[in-house]
Amino acid sequence: MKLSPYKLLLAGLFLYAALFTGLRPRPKDFEVYYRAAERLRNIGDLYQSGPEGAFSYPPFAAWVFAPLTLAPLKTAQWCWAALQGFLLVLVVHFAVRLSRCEWEALTTAQRRWFAALVALMSVRHLSAPLENSQTDLMITAMCLGGVLWLAEARTRPWAGVLLAAAAGMKAVPLLFLPFLARWRQWRAAVAMGAAVIALNILPSIQFPSPTGRLHASLWLDSMARPALKTGPAANRAGVWSADDKLNQSLGGLLSRLFRKGSYSADALLVRLEPKTVTGIFVALAAALMARALWVRTGSSGHDAAVVMILMLLLSPKTSKAHYCSMLLPILLLTARAVRTPKHWASILWFAVAVGIGLLTKGVAGGRPCNILLDYGYLVWFALFALAYLWFQRNPVSLSREAR
């Protein structure tokens, strides 16, 4: 078997992710998943708070980790590390396949710039899920793989099941449902809707809760609804309040800018009533969804990139680790920017590429990076990428011109 540079890159990514995750002294988030899966297997309260933190995800996420609890924590960590390496390889490979319409047309010289800029923009996002052993690479791989499976008739229903598994890990991939309807992928949409319900009932069938209620109902009551509220209910262990600087969603940014809360002494710009801020968020979210469902970008890769960005922006809580899903938009937009370097948006994209790569705590220091996170520079980055995807020329026609 010939080892191409691309295969060597994927092998290097696997080793990096596996060793980085496995050698972490205390994988905080992984321990939360592991202990939650232990409670699930032992017929305990899945959503109780513990010394390692509260589990705040749908019950299917705990069920996925249940097999790892058959081994001691350290052994399970190394199994999860190997899986993280495999998932990173899948995320990169799937994103490359979905972005092929843009980067295949580049010249050899342009590809060098393309590779350098993609590496600069992506390394922070792809490393963030590994730092605390989070599940974002798994969710991103499921979403990208599901979009790829939509391309063939024999795998379309399974695409819906794969997207449902992503939604079982974290609810926001449910945003794919209206897009499946818009793409007229009816079998995949029906399969996704049915599988989401089945996958979150499955843990309760195998491991009933001590109260007899469905684990999914307990999740809705104890985690999902409080995460959308303000005040004491939003500040309990395991649920982020919207004004937390770690919350890099659109709602989190609006709350920090315009609402007084538990993290900041006061709003960063001007204080508005909570109902007003909620109304602004709902209006913006509805406008973004309407625009996304109306516009046709011309390729499955571009459509998938739009949905992945909306997942980040419209989530009730988004952290830096979730931005690993920006790899696909980065690949698409960087290839286009390299192809048209004199366009104003391309110049701005190059500036963003440098900024995203350098504005990290390890390079710029904690204070400037935290201030920028307060003002949501990752949110602005996602919004700019979304606008760039919508207002550029059709990617299919660009591919044809390049040939």
# chains A, B, ... in the order shown; residues from 1 in each chain; ligands from 1
call {"tool": "closest_atom_pairs", "arguments": {"of": "region 195-314 of chain A", "to": "region 333-346 of chain A", "cutoff": "12 Å", "atoms": "only C-alpha atoms", "output": "JSON lines"}}
result
{"residue": "A:Gly301", "atom": "CA", "partner": "A:Leu333", "partner_atom": "CA", "distance": 11.4}
{"residue": "A:His302", "atom": "CA", "partner": "A:Leu333", "partner_atom": "CA", "distance": 9.6}
{"residue": "A:Ala305", "atom": "CA", "partner": "A:Leu333", "partner_atom": "CA", "distance": 10.1}
{"residue": "A:Val306", "atom": "CA", "partner": "A:Leu333", "partner_atom": "CA", "distance": 11.8}
call {"tool": "residues_around", "arguments": {"residues": "Thr107 (chain A)", "least_positions_apart": "2", "cutoff": "12 Å", "atoms": "only C-alpha atoms", "output": "PyMOL selection string"}}
result
chain A and resi 102-105+109-114+335+338-339+402-403
call {"tool": "closest_residue", "arguments": {"among": "A:Asn370, A:Phe60, A:Val89, A:Leu202", "to": "Leu9 (chain A)", "atoms": "only C-alpha atoms"}}
result
A:Val89
call {"tool": "atom_distance", "arguments": {"atom1": "CA of Arg259 (chain A)", "atom2": "CA of Leu310 (chain A)"}}
result
22.6 Å
call {"tool": "closest_residue", "arguments": {"among": "A:Phe55, A:Arg154, A:Ala95, A:Leu120", "to": "Leu331 (chain A)", "atoms": "only C-alpha atoms"}}
result
A:Ala95
